[in-house]
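Here is the structure we will look at, set down as structure tokens.
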Amino acid sequence: EAAQALEASCWIPILKGKRIVLAGDHKQLAPTIKSRDPQVQKMLGRTLFERLMTKHAQISRMLQIQYRMHQSIADWASHAMYGGRLMSHDSVKSRKLCHLPYVSIQGGESGNEGEDDETSILSTTQNASLLLIDTAGCDMFESS
């Protein structure tokens with residue numbers, strides 16, 4: 001992921017090779033910089049990949065078909081970051097969570113009298129393309 005690689009880490013392979021191909025997406029995750037010093041973050045925050053994309057955009061190629069997410073999720077990214085040019089492949093454009101391997105949603109009766117099948121948690125989950133789970137208060141703390 002060249003778009004996340006610190007520039008200093010790129011120079012050794014660049015100087016040893018005869019040709020270079022950088023692959024990544026500078027509009028996604030930024031490089032990981034562990035220093036809390038704002039000056040260090042500023043100096044290391046811009047990658048070689050991003051600098052090249054800014055100075056030499058004419059030599060870059062955008063992959064225009066994505067194979068990972070439902071079209072309704074990809075459409076947001078397409079319009080927000082890629083000028084509407086990112087398209088979803090037919091194999092994923094209507095894929096729901098229940099279509100993914102190893103995702104099994106088991107259940108039966110909701111236990112709620114009169115609850116409509118279309119609004120039950122199970123039905124909503126089975127038909128979702130994205131599911132956000134709030135784990136606040138679950139004693140799931142990140143270590144520093």
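The way I read the labels, and the way they are meant: chains A, B, ... in the order of the structure tokens, residue 1 as the first residue of every chain, and ligand 1 as the first ligand shown, with later ones counted on from there.
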
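Near A:Ala30, within 10 Å and counting only C-alpha atoms, sit Ala3, Gln4, Ala5, Leu6, Gly45, Arg46, Thr47 and Glu50 of chain A; same-chain residues fewer than 6 positions away were not included.
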
Please return as a PDB file with all heavy atoms, in the first residue's frame: the residues of stretch 34-110 of chain A that backbone DSSP assigns to strand (DSSP E or B).
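The resulting file, out-v4.pdb, is reproduced below:
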ATOM      1  N   ILE A  65     -13.358   0.021 -11.320  1.00  0.00           N
ATOM      2  CA  ILE A  65     -14.344  -0.968 -10.880  1.00  0.00           C
ATOM      3  C   ILE A  65     -13.904  -1.517  -9.535  1.00  0.00           C
ATOM      4  O   ILE A  65     -12.779  -1.965  -9.382  1.00  0.00           O
ATOM      5  CB  ILE A  65     -14.497  -2.118 -11.904  1.00  0.00           C
ATOM      6  CG1 ILE A  65     -14.959  -1.548 -13.243  1.00  0.00           C
ATOM      7  CG2 ILE A  65     -15.471  -3.170 -11.392  1.00  0.00           C
ATOM      8  CD1 ILE A  65     -15.026  -2.571 -14.355  1.00  0.00           C
ATOM      9  N   GLN A  66     -14.818  -1.462  -8.555  1.00  0.00           N
ATOM     10  CA  GLN A  66     -14.513  -1.998  -7.236  1.00  0.00           C
ATOM     11  C   GLN A  66     -15.264  -3.319  -7.061  1.00  0.00           C
ATOM     12  O   GLN A  66     -16.358  -3.496  -7.569  1.00  0.00           O
ATOM     13  CB  GLN A  66     -14.825  -0.980  -6.133  1.00  0.00           C
ATOM     14  CG  GLN A  66     -16.281  -0.658  -5.929  1.00  0.00           C
ATOM     15  CD  GLN A  66     -16.986  -1.640  -5.002  1.00  0.00           C
ATOM     16  OE1 GLN A  66     -16.379  -2.368  -4.235  1.00  0.00           O
ATOM     17  NE2 GLN A  66     -18.304  -1.664  -5.095  1.00  0.00           N
ATOM     18  N   MET A  87     -17.143   2.540 -10.131  1.00  0.00           N
ATOM     19  CA  MET A  87     -18.301   1.691 -10.401  1.00  0.00           C
ATOM     20  C   MET A  87     -18.187   0.378  -9.608  1.00  0.00           C
ATOM     21  O   MET A  87     -17.089  -0.072  -9.308  1.00  0.00           O
ATOM     22  CB  MET A  87     -18.376   1.351 -11.901  1.00  0.00           C
ATOM     23  CG  MET A  87     -18.499   2.559 -12.790  1.00  0.00           C
ATOM     24  SD  MET A  87     -20.049   3.399 -12.476  1.00  0.00           S
ATOM     25  CE  MET A  87     -19.588   5.081 -12.746  1.00  0.00           C
ATOM     26  N   SER A  88     -19.332  -0.224  -9.332  1.00  0.00           N
ATOM     27  CA  SER A  88     -19.358  -1.505  -8.625  1.00  0.00           C
ATOM     28  C   SER A  88     -19.528  -2.635  -9.627  1.00  0.00           C
ATOM     29  O   SER A  88     -20.367  -2.565 -10.524  1.00  0.00           O
ATOM     30  CB  SER A  88     -20.523  -1.535  -7.634  1.00  0.00           C
ATOM     31  OG  SER A  88     -20.356  -0.546  -6.653  1.00  0.00           O
TER      32      SER A  88
END

Residues within 9 Å of A:Met81, please, as a ChimeraX atom specification. Count only C-alpha atoms; anything in the same chain fewer than 4 positions from it doesn't count.
/A:27,76-77

Residue nearest A:Met62 - candidates A:Ile33, A:Ile133, A:Leu86, A:Val21, atoms counted: only C-alpha atoms
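The answer is A:Leu86, which sits nearest to A:Met62.
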
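Reported to one decimal place, the separation of atom CA of A:Ser60 from atom CA of A:Ile20 is 12.5 Å.
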
One decimal, Å: what's the distance from atom CA of A:Ala23 over to atom CA of A:Leu52, could you say?
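We find that atom CA of A:Ala23 and atom CA of A:Leu52 lie 11.8 Å from each other.
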
Could you please determine the separation between atom CA of A:Gly84 and atom CA of A:Gln64 in Å, to one decimal place?
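Between these atoms lies a distance of 9.8 Å.
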
Ranking A:Leu63, A:Leu44, A:Met53, A:Ile14 by minimum distance to A:Arg85 and counting only C-alpha atoms, which one comes first?
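Of A:Leu63, A:Leu44, A:Met53, A:Ile14, the one nearest A:Arg85, counting only C-alpha atoms, is A:Leu63.
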
Find the residues around A:Ser72 up to 9 Å (only C-alpha atoms counted), leave out those fewer than 4 positions away in its own chain, and share them as a ChimeraX atom specification.
/A:76,93-94,129
